[in-house]
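First up is the structure itself, then whatever we jot down about it.
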2 protein chains.
Amino acid sequence: MPKTNLCRVMEESVDQAVEGNAQGRIRKANIERIMKAAEKVFASSGFRGSTTAAIAAEANLPKANIHYYFGTKEKLYRAVLDDIVDLWLSSFKGLGENDDPAATLSEYIRGKMELSQRRPEASRVFANEIIRGAPRINSYLSTELKDWVEEKSAILDKWIEQGRMASVDSKRLIFHIWIMTQTWADFEAQWSAILGRKNGLEPLDFDMATNAIITTVLRTCGLVPLPPRH
Amino acid sequence: MPKTNLCRVMEESVDQAVEGNAQGRIRKANIERIMKAAEKVFASSGFRGSTTAAIAAEANLPKANIHYYFGTKEKLYRAVLDDIVDLWLSSFKGLGENDDPAATLSEYIRGKMELSQRRPEASRVFANEIIRGAPRINSYLSTELKDWVEEKSAILDKWIEQGRMASVDSKRLIFHIWIMTQTWADFEAQWSAILGRKNGLEPLDFDMATNAIITTVLRTCGLVPLPPRH
DNA sequence: AAAAAACTTGACCATTTGGTCAGATTTTGG
DNA sequence: CCAAAATCTGACCAAATGGTCAAGTTTTTT
């Protein structure tokens with residue numbers, strides 16, 4: 001009864017975060033394996049450029065097996081996207097709980113950079129979807145993510161109001177923090193070519209980028225003394 | 001003699017900037033028309049996702065006509081990419097001629113933002129290529145662009161040395177200026193969804209972004225007084 | 001105006017690729 | 001241990017797509 005199975009996969013991917021559903025061992029392991037392979041392939045070839053055959057090869061499984069678990073390439077792609085959206089949302093929780101502006105912002109930037117370093121493929125799949133016009137995640141962008149931004153920019157605005165940081169355009173600041181951090185995953189090819197890293201960016205590169213971004217943001221917010229000159 | 005024609009197209013696309021080569025009127029007009037259509041389609045569907053049929057439809061020409069002028073989809077794509085690289089390089093000239101750090105940086109940012117606003121599709125095609133790992137433009141990145149960055153970051157470093165601006169990581173600053181400006185083209189779908197712009201970003205949005213970026217960069221470089229607080 | 005060159009295009013083809021399926025094998029529940 | 005459920009997979013198929021071509025039409029050249 002393949003159809004039934006299919007549906008189950010989809011439903012579970014939705015409330016996957018809820019808990020270890022009553023998936024069989026084999027099912028669970030294979031789904032994870034396939035999604036991992038798919039994320040990699042989608043990141044490097046885009047949706048249309050990725051073939052189910054290539055995903056199957058990456059996962060070391062016959063192609064029919066991919067279709068057994070996910071039905072269509074589109075459904076597999078959406079499952080991968082959903083997974084990434086969850087990851088994003090969880091990384092968003094952070095900002096604003098700590099009450100110290102400088103520490104809060106620094107910590108948030110560090111968290112985002114760690115994500116870029118740890119899951120660059122996820123970032124690229126997401127970036128690709130947005131460049132294409134975000135046809136599949138528009139509702140997520142204009143509801144959850146929009147709300148999150150409004151909530152967090154309100155916190156920044158409050159801090160500004162209270163004179164605890166300099167006046168800034170809080171929403172654009174958030175946007176710019178996002179892309180400065182994500183670009184180190186998305187555009188790694190460009191930065192490593194320019195920096196002459198023949199084997200991709202090194203951990204040190206991520207550290208330097210993190211420091212540069214924190215410096216930029218804290219100075220923008222007037223949270224560090226006027227930068228010294230020679 | 002289609003083959004011969006093909007070669008000619010390719011050569012001319014290379015030294016296209018040189019001048020109005022001895023192309024026939026019809027040829028010139030059609031090539032321009034096809035490339036314009038192709039840029040749009042490639043931007044919204046990526047290389048693999050774009051079909052020559054879709055490009056033909058966008059250009060209002062029969063598909064065979066596209067192949068008559070460009071031979072293969074790959075060659076058409078490279079022609080479009082080359083064009084974009086030229087555009088990029090020309091936008092790079094600017095930085096550093098003016099001798100005032102604040103004015104120079106502001107002007108550079110304004111120029112980049114204008115490009116994002118005027119040619120968003122070009123930016124997206126380029127971004128897409130880089131996310132995919134830049135297979136076709138690696139040599140450009142690691143030669144011309146690398147040299148440009150080294151030259152310009154040296155200017156910034158000199159200014160820092162002379163105490164004319166605060167100490168910053170000059171290369172990362174350049175990288176971050178690039179992405180902050182380009183993201184307003186590349187990720188337009190995301191920003192407009194979050195900002196609740198149902199019909200895409202408006203001119204005012206670009207102005208606000210420009211100001212936000214200039215503020216960030218000048219504060220980072222200590223080129224404006226310590227930002228005031230309430 | 002006639003020949004040559006350039007351009008146009010409908011019809012066609014080979015390959016790629018997403019997806020199906022039926023029969024075989026393995027795992028699981030009782 | 002056995003039947004039912006789940007999993008596996010090679011072989012296949014239909015549709016989409018990049019690319020070709022030959023027979024025309026238009027433009028340019030002389």
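We name chains A, B, ... following the order of the structure tokens; residues begin at 1 in each chain, and ligands are numbered from 1 as shown.
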If we count only C-alpha atoms (C1' of nucleotides), which residues of chain A reach to within 9 Å of chain D? Please list them as a PDB file with C-alpha atoms, in the first residue's frame.
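Once everything was written out, this is selection.pdb:
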ATOM      1  CA  ILE A  26      14.105   1.092   9.021  1.00  0.00           C
ATOM      2  CA  ARG A  27      11.736   3.757   7.839  1.00  0.00           C
ATOM      3  CA  PRO A  62      18.208   2.496  -5.716  1.00  0.00           C
ATOM      4  CA  LYS A  63      16.117   5.261  -7.189  1.00  0.00           C
ATOM      5  CA  ALA A  64      12.851   3.402  -6.710  1.00  0.00           C
ATOM      6  CA  ASN A  65      13.550   3.452  -3.007  1.00  0.00           C
ATOM      7  CA  TYR A  68       8.901   4.543  -2.236  1.00  0.00           C
TER       8      TYR A  68
END
Chain B contacts to chain A at 6 Å (only C-alpha atoms) as a list of chain:residue names:
B:Ser44, B:Arg48, B:Gly49, B:Ile130, B:Ile131, B:Arg132, B:Gly133, B:Leu141, B:Ser142, B:Lys146, B:Gly163, B:Ala166, B:Asp186, B:Phe187, B:Ala189, B:Ala193, B:Ile194, B:Thr216, B:Arg219, B:Thr220, B:Gly222, B:Leu226, B:Pro227, B:Pro228, B:Arg229, B:His230
Could you list, with a cut-off of 9 Å and counting only C-alpha atoms (C1' of nucleotides), the residues of chain C near chain B, each shown with its nearest atom pair and the distance in Å rounded to one decimal, rows sorted by chain and ascending number, as JSON lines?
{"residue": "C:DA6", "atom": "C1'", "partner": "B:Arg27", "partner_atom": "CA", "distance": 8.9}
{"residue": "C:DC7", "atom": "C1'", "partner": "B:Ile26", "partner_atom": "CA", "distance": 8.5}
{"residue": "C:DT8", "atom": "C1'", "partner": "B:Asn65", "partner_atom": "CA", "distance": 7.1}
{"residue": "C:DT9", "atom": "C1'", "partner": "B:Ala64", "partner_atom": "CA", "distance": 6.7}
I need the residues from that last selection saved to file as an mmCIF file, in the first residue's frame (with N, CA and C atoms (P, O5', C5', C4', C3', O3' and C1' of nucleotides)), if you can.
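Everything below was put into selection.cif:
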data_model
loop_
_atom_site.group_PDB
_atom_site.id
_atom_site.type_symbol
_atom_site.label_atom_id
_atom_site.label_comp_id
_atom_site.auth_asym_id
_atom_site.auth_seq_id
_atom_site.Cartn_x
_atom_site.Cartn_y
_atom_site.Cartn_z
ATOM 1 P P DA C 6 27.003 35.773 -44.155
ATOM 2 O "O5'" DA C 6 25.521 36.067 -43.651
ATOM 3 C "C5'" DA C 6 25.000 37.388 -43.796
ATOM 4 C "C4'" DA C 6 23.551 37.394 -43.349
ATOM 5 C "C3'" DA C 6 23.313 36.727 -41.996
ATOM 6 O "O3'" DA C 6 22.621 37.662 -41.177
ATOM 7 C "C1'" DA C 6 21.777 35.915 -43.604
ATOM 8 P P DC C 7 22.230 37.287 -39.681
ATOM 9 O "O5'" DC C 7 20.740 36.761 -39.873
ATOM 10 C "C5'" DC C 7 19.785 37.627 -40.474
ATOM 11 C "C4'" DC C 7 18.491 36.871 -40.691
ATOM 12 C "C3'" DC C 7 17.898 36.216 -39.442
ATOM 13 O "O3'" DC C 7 16.632 36.823 -39.224
ATOM 14 C "C1'" DC C 7 17.763 34.791 -41.327
ATOM 15 P P DT C 8 15.748 36.398 -37.981
ATOM 16 O "O5'" DT C 8 14.827 35.268 -38.587
ATOM 17 C "C5'" DT C 8 13.924 35.587 -39.640
ATOM 18 C "C4'" DT C 8 13.021 34.401 -39.926
ATOM 19 C "C3'" DT C 8 12.420 33.730 -38.686
ATOM 20 O "O3'" DT C 8 11.015 33.709 -38.853
ATOM 21 C "C1'" DT C 8 13.375 32.115 -40.138
ATOM 22 P P DT C 9 10.104 33.447 -37.614
ATOM 23 O "O5'" DT C 9 9.831 31.891 -37.783
ATOM 24 C "C5'" DT C 9 9.358 31.412 -39.040
ATOM 25 C "C4'" DT C 9 9.329 29.894 -39.025
ATOM 26 C "C3'" DT C 9 8.992 29.264 -37.671
ATOM 27 O "O3'" DT C 9 8.003 28.296 -37.864
ATOM 28 C "C1'" DT C 9 10.860 28.224 -38.605
#
Superimposed copy of chain B on chain A by least squares over C-alpha atoms, as an mmCIF file with C-alpha atoms, in the first residue's frame:
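Below is the file that was written, part19.cif:
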data_model
loop_
_atom_site.group_PDB
_atom_site.id
_atom_site.type_symbol
_atom_site.label_atom_id
_atom_site.label_comp_id
_atom_site.auth_asym_id
_atom_site.auth_seq_id
_atom_site.Cartn_x
_atom_site.Cartn_y
_atom_site.Cartn_z
ATOM 1 C CA MET B 1 0.093 0.291 -0.046
ATOM 2 C CA PRO B 2 2.585 2.913 -1.085
ATOM 3 C CA LYS B 3 0.097 5.791 -1.156
ATOM 4 C CA THR B 4 -0.702 5.356 2.486
ATOM 5 C CA ASN B 5 2.958 5.304 3.331
ATOM 6 C CA LEU B 6 3.522 8.452 1.410
ATOM 7 C CA CYS B 7 0.949 10.332 3.347
ATOM 8 C CA ARG B 8 2.421 9.154 6.553
ATOM 9 C CA VAL B 9 5.842 10.436 5.638
ATOM 10 C CA MET B 10 4.461 13.824 4.847
ATOM 11 C CA GLU B 11 2.471 14.147 8.006
ATOM 12 C CA GLU B 12 5.353 13.100 10.135
ATOM 13 C CA SER B 13 7.721 15.510 8.457
ATOM 14 C CA VAL B 14 5.340 18.206 9.587
ATOM 15 C CA ASP B 15 5.148 17.301 13.230
ATOM 16 C CA GLN B 16 8.544 15.712 13.142
ATOM 17 C CA ALA B 17 9.829 18.070 15.782
ATOM 18 C CA VAL B 18 7.160 16.813 18.142
ATOM 19 C CA GLU B 19 8.975 13.612 18.937
ATOM 20 C CA GLY B 20 10.207 10.243 17.814
ATOM 21 C CA ASN B 21 6.959 9.210 16.241
ATOM 22 C CA ALA B 22 6.059 5.563 15.970
ATOM 23 C CA GLN B 23 8.134 5.149 12.823
ATOM 24 C CA GLY B 24 9.735 1.805 12.206
ATOM 25 C CA ARG B 25 13.501 1.720 12.635
ATOM 26 C CA ILE B 26 14.103 1.090 8.971
ATOM 27 C CA ARG B 27 11.739 3.757 7.818
ATOM 28 C CA LYS B 28 13.228 6.355 10.112
ATOM 29 C CA ALA B 29 16.795 5.545 9.161
ATOM 30 C CA ASN B 30 16.074 5.583 5.449
ATOM 31 C CA ILE B 31 14.133 8.800 5.530
ATOM 32 C CA GLU B 32 16.941 10.477 7.362
ATOM 33 C CA ARG B 33 19.482 9.065 4.966
ATOM 34 C CA ILE B 34 17.536 10.180 1.915
ATOM 35 C CA MET B 35 16.873 13.656 3.249
ATOM 36 C CA LYS B 36 20.511 14.154 4.091
ATOM 37 C CA ALA B 37 21.526 13.133 0.598
ATOM 38 C CA ALA B 38 18.770 15.248 -0.909
ATOM 39 C CA GLU B 39 19.828 18.348 0.995
ATOM 40 C CA LYS B 40 23.328 18.001 -0.359
ATOM 41 C CA VAL B 41 22.219 17.450 -3.933
ATOM 42 C CA PHE B 42 19.566 20.180 -3.885
ATOM 43 C CA ALA B 43 22.118 22.599 -2.450
ATOM 44 C CA SER B 44 24.553 22.033 -5.238
ATOM 45 C CA SER B 45 22.168 21.645 -8.158
ATOM 46 C CA GLY B 46 18.936 23.385 -7.236
ATOM 47 C CA PHE B 47 15.511 21.763 -7.440
ATOM 48 C CA ARG B 48 15.276 21.363 -11.164
ATOM 49 C CA GLY B 49 18.937 20.530 -11.592
ATOM 50 C CA SER B 50 18.781 17.694 -9.095
ATOM 51 C CA THR B 51 17.743 14.314 -10.428
ATOM 52 C CA THR B 52 16.199 11.651 -8.283
ATOM 53 C CA ALA B 53 18.880 9.365 -9.695
ATOM 54 C CA ALA B 54 21.604 11.641 -8.312
ATOM 55 C CA ILE B 55 19.942 11.749 -4.919
ATOM 56 C CA ALA B 56 19.633 7.989 -4.938
ATOM 57 C CA ALA B 57 23.314 7.631 -5.799
ATOM 58 C CA GLU B 58 24.285 10.048 -3.027
ATOM 59 C CA ALA B 59 22.201 8.027 -0.591
ATOM 60 C CA ASN B 60 23.462 4.724 -1.950
ATOM 61 C CA LEU B 61 19.994 3.443 -2.612
ATOM 62 C CA PRO B 62 18.149 2.477 -5.773
ATOM 63 C CA LYS B 63 16.064 5.253 -7.240
ATOM 64 C CA ALA B 64 12.788 3.409 -6.759
ATOM 65 C CA ASN B 65 13.477 3.459 -3.067
ATOM 66 C CA ILE B 66 13.438 7.242 -2.963
ATOM 67 C CA HIS B 67 10.049 7.222 -4.625
ATOM 68 C CA TYR B 68 8.820 4.570 -2.262
ATOM 69 C CA TYR B 69 9.392 6.859 0.703
ATOM 70 C CA PHE B 70 8.664 10.266 -0.746
ATOM 71 C CA GLY B 71 6.497 9.706 -3.794
ATOM 72 C CA THR B 72 7.668 12.617 -5.869
ATOM 73 C CA LYS B 73 10.745 14.804 -6.099
ATOM 74 C CA GLU B 74 8.582 17.781 -5.235
ATOM 75 C CA LYS B 75 7.437 16.167 -1.988
ATOM 76 C CA LEU B 76 10.982 15.235 -1.067
ATOM 77 C CA TYR B 77 12.068 18.793 -1.723
ATOM 78 C CA ARG B 78 9.288 20.171 0.444
ATOM 79 C CA ALA B 79 10.239 17.806 3.239
ATOM 80 C CA VAL B 80 13.812 19.072 3.052
ATOM 81 C CA LEU B 81 12.627 22.681 2.998
ATOM 82 C CA ASP B 82 10.341 22.114 5.976
ATOM 83 C CA ASP B 83 13.239 20.694 7.868
ATOM 84 C CA ILE B 84 15.322 23.762 7.111
ATOM 85 C CA VAL B 85 12.557 26.115 8.101
ATOM 86 C CA ASP B 86 12.359 24.341 11.450
ATOM 87 C CA LEU B 87 16.092 24.754 11.857
ATOM 88 C CA TRP B 88 15.811 28.446 11.051
ATOM 89 C CA LEU B 89 12.974 29.028 13.455
ATOM 90 C CA SER B 90 14.814 27.327 16.272
ATOM 91 C CA SER B 91 17.849 29.525 15.644
ATOM 92 C CA PHE B 92 15.622 32.544 15.938
ATOM 93 C CA LYS B 93 14.411 31.880 19.430
ATOM 94 C CA GLY B 94 17.565 33.309 20.957
ATOM 95 C CA LEU B 95 17.524 37.020 20.372
ATOM 96 C CA GLY B 96 16.234 39.162 23.198
ATOM 97 C CA GLU B 97 16.162 36.949 26.235
ATOM 98 C CA ASN B 98 19.328 38.313 27.663
ATOM 99 C CA ASP B 99 18.748 41.884 28.674
ATOM 100 C CA ASP B 100 22.105 43.309 27.669
ATOM 101 C CA PRO B 101 22.036 44.675 24.102
ATOM 102 C CA ALA B 102 25.696 44.094 23.284
ATOM 103 C CA ALA B 103 25.777 40.575 24.707
ATOM 104 C CA THR B 104 22.466 39.680 23.109
ATOM 105 C CA LEU B 105 23.461 40.823 19.639
ATOM 106 C CA SER B 106 26.911 39.221 19.837
ATOM 107 C CA GLU B 107 25.439 35.957 20.958
ATOM 108 C CA TYR B 108 22.863 35.998 18.205
ATOM 109 C CA ILE B 109 25.508 36.618 15.563
ATOM 110 C CA ARG B 110 27.664 33.824 16.935
ATOM 111 C CA GLY B 111 24.720 31.440 16.783
ATOM 112 C CA LYS B 112 23.929 32.314 13.206
ATOM 113 C CA MET B 113 27.554 31.941 12.162
ATOM 114 C CA GLU B 114 27.753 28.546 13.791
ATOM 115 C CA LEU B 115 24.734 27.490 11.773
ATOM 116 C CA SER B 116 26.365 28.724 8.553
ATOM 117 C CA GLN B 117 29.423 26.721 9.387
ATOM 118 C CA ARG B 118 27.605 23.591 10.479
ATOM 119 C CA ARG B 119 24.828 23.433 7.892
ATOM 120 C CA PRO B 120 25.994 25.329 4.802
ATOM 121 C CA GLU B 121 23.963 23.147 2.476
ATOM 122 C CA ALA B 122 20.772 23.918 4.337
ATOM 123 C CA SER B 123 21.497 27.598 3.990
ATOM 124 C CA ARG B 124 22.088 27.226 0.265
ATOM 125 C CA VAL B 125 18.882 25.335 -0.358
ATOM 126 C CA PHE B 126 17.001 28.074 1.428
ATOM 127 C CA ALA B 127 18.834 30.863 -0.399
ATOM 128 C CA ASN B 128 18.103 29.210 -3.691
ATOM 129 C CA GLU B 129 14.427 29.036 -2.926
ATOM 130 C CA ILE B 130 14.331 32.726 -2.108
ATOM 131 C CA ILE B 131 16.227 33.787 -5.203
ATOM 132 C CA ARG B 132 13.648 31.870 -7.232
ATOM 133 C CA GLY B 133 11.000 34.065 -5.628
ATOM 134 C CA ALA B 134 10.188 31.867 -2.636
ATOM 135 C CA PRO B 135 7.187 30.218 -4.323
ATOM 136 C CA ARG B 136 6.995 27.460 -1.733
ATOM 137 C CA ILE B 137 7.714 29.357 1.456
ATOM 138 C CA ASN B 138 5.965 32.626 0.917
ATOM 139 C CA SER B 139 3.409 31.911 3.584
ATOM 140 C CA TYR B 140 6.140 31.120 6.079
ATOM 141 C CA LEU B 141 7.941 34.353 5.245
ATOM 142 C CA SER B 142 4.903 36.551 5.517
ATOM 143 C CA THR B 143 3.573 35.059 8.731
ATOM 144 C CA GLU B 144 5.954 33.416 11.181
ATOM 145 C CA LEU B 145 9.076 35.156 10.002
ATOM 146 C CA LYS B 146 7.386 38.510 9.631
ATOM 147 C CA ASP B 147 5.990 38.237 13.154
ATOM 148 C CA TRP B 148 9.378 37.278 14.503
ATOM 149 C CA VAL B 149 10.996 40.306 12.902
ATOM 150 C CA GLU B 150 8.358 42.633 14.222
ATOM 151 C CA GLU B 151 8.675 41.256 17.698
ATOM 152 C CA LYS B 152 12.446 41.497 17.748
ATOM 153 C CA SER B 153 12.705 44.875 16.097
ATOM 154 C CA ALA B 154 10.312 46.138 18.749
ATOM 155 C CA ILE B 155 12.795 45.023 21.385
ATOM 156 C CA LEU B 156 15.577 46.889 19.631
ATOM 157 C CA ASP B 157 13.393 49.952 19.316
ATOM 158 C CA LYS B 158 12.638 49.784 23.025
ATOM 159 C CA TRP B 159 16.339 49.671 23.802
ATOM 160 C CA ILE B 160 16.864 52.671 21.555
ATOM 161 C CA GLU B 161 13.989 54.478 23.239
ATOM 162 C CA GLN B 162 15.556 53.803 26.607
ATOM 163 C CA GLY B 163 18.865 55.211 25.427
ATOM 164 C CA ARG B 164 20.577 51.876 25.858
ATOM 165 C CA MET B 165 21.822 51.841 22.286
ATOM 166 C CA ALA B 166 22.126 54.291 19.429
ATOM 167 C CA SER B 167 19.327 54.923 17.012
ATOM 168 C CA VAL B 168 19.305 52.471 14.120
ATOM 169 C CA ASP B 169 16.860 51.169 11.549
ATOM 170 C CA SER B 170 16.093 48.052 13.538
ATOM 171 C CA LYS B 171 14.492 45.942 10.812
ATOM 172 C CA ARG B 172 17.234 46.566 8.278
ATOM 173 C CA LEU B 173 19.783 45.866 10.972
ATOM 174 C CA ILE B 174 18.233 42.453 11.486
ATOM 175 C CA PHE B 175 18.123 41.803 7.735
ATOM 176 C CA HIS B 176 21.736 42.788 7.368
ATOM 177 C CA ILE B 177 22.823 40.577 10.246
ATOM 178 C CA TRP B 178 21.092 37.683 8.550
ATOM 179 C CA ILE B 179 22.774 38.080 5.223
ATOM 180 C CA MET B 180 26.192 38.923 6.580
ATOM 181 C CA THR B 181 26.112 35.668 8.501
ATOM 182 C CA GLN B 182 24.437 33.549 5.843
ATOM 183 C CA THR B 183 26.660 34.705 3.034
ATOM 184 C CA TRP B 184 29.550 32.808 4.571
ATOM 185 C CA ALA B 185 27.617 29.650 3.757
ATOM 186 C CA ASP B 186 25.776 30.695 0.597
ATOM 187 C CA PHE B 187 28.632 32.411 -1.209
ATOM 188 C CA GLU B 188 31.459 30.362 0.202
ATOM 189 C CA ALA B 189 32.721 29.726 -3.333
ATOM 190 C CA GLN B 190 33.159 33.443 -3.914
ATOM 191 C CA TRP B 191 34.826 34.275 -0.634
ATOM 192 C CA SER B 192 37.190 31.362 -0.714
ATOM 193 C CA ALA B 193 38.215 32.148 -4.300
ATOM 194 C CA ILE B 194 38.937 35.764 -3.407
ATOM 195 C CA LEU B 195 40.754 34.835 -0.230
ATOM 196 C CA GLY B 196 42.778 32.251 -2.123
ATOM 197 C CA ARG B 197 41.634 29.284 -0.055
ATOM 198 C CA LYS B 198 42.067 26.401 -2.445
ATOM 199 C CA ASN B 199 40.192 23.974 -0.212
ATOM 200 C CA GLY B 200 37.296 26.116 0.864
ATOM 201 C CA LEU B 201 36.979 28.351 3.901
ATOM 202 C CA GLU B 202 38.782 27.323 7.047
ATOM 203 C CA PRO B 203 37.534 27.540 10.632
ATOM 204 C CA LEU B 204 39.712 30.600 11.111
ATOM 205 C CA ASP B 205 37.881 32.339 8.282
ATOM 206 C CA PHE B 206 34.614 31.858 10.104
ATOM 207 C CA ASP B 207 36.129 33.272 13.273
ATOM 208 C CA MET B 208 37.396 36.326 11.465
ATOM 209 C CA ALA B 209 34.050 36.842 9.782
ATOM 210 C CA THR B 210 32.257 36.486 13.101
ATOM 211 C CA ASN B 211 34.454 39.124 14.657
ATOM 212 C CA ALA B 212 34.060 41.462 11.719
ATOM 213 C CA ILE B 213 30.283 41.194 11.855
ATOM 214 C CA ILE B 214 30.115 41.674 15.603
ATOM 215 C CA THR B 215 32.351 44.725 15.321
ATOM 216 C CA THR B 216 30.188 46.191 12.589
ATOM 217 C CA VAL B 217 26.957 45.623 14.450
ATOM 218 C CA LEU B 218 28.159 46.854 17.822
ATOM 219 C CA ARG B 219 29.679 49.987 16.309
ATOM 220 C CA THR B 220 26.497 50.574 14.358
ATOM 221 C CA CYS B 221 24.532 50.401 17.567
ATOM 222 C CA GLY B 222 27.033 52.558 19.420
ATOM 223 C CA LEU B 223 27.650 49.743 21.872
ATOM 224 C CA VAL B 224 31.417 50.067 21.803
ATOM 225 C CA PRO B 225 33.466 53.214 22.320
ATOM 226 C CA LEU B 226 34.301 55.317 19.296
ATOM 227 C CA PRO B 227 36.724 53.065 17.432
ATOM 228 C CA PRO B 228 40.338 54.088 18.000
ATOM 229 C CA ARG B 229 42.501 55.466 15.217
ATOM 230 C CA HIS B 230 46.193 55.138 14.657
#
Determine which residues of segment 61-147 of chain B receive a DSSP assignment of helix (DSSP H, G or I), computed from the backbone, and state them as a PyMOL selection string.
chain B and resi 63-70+73-92+101-118+120-131+138-147
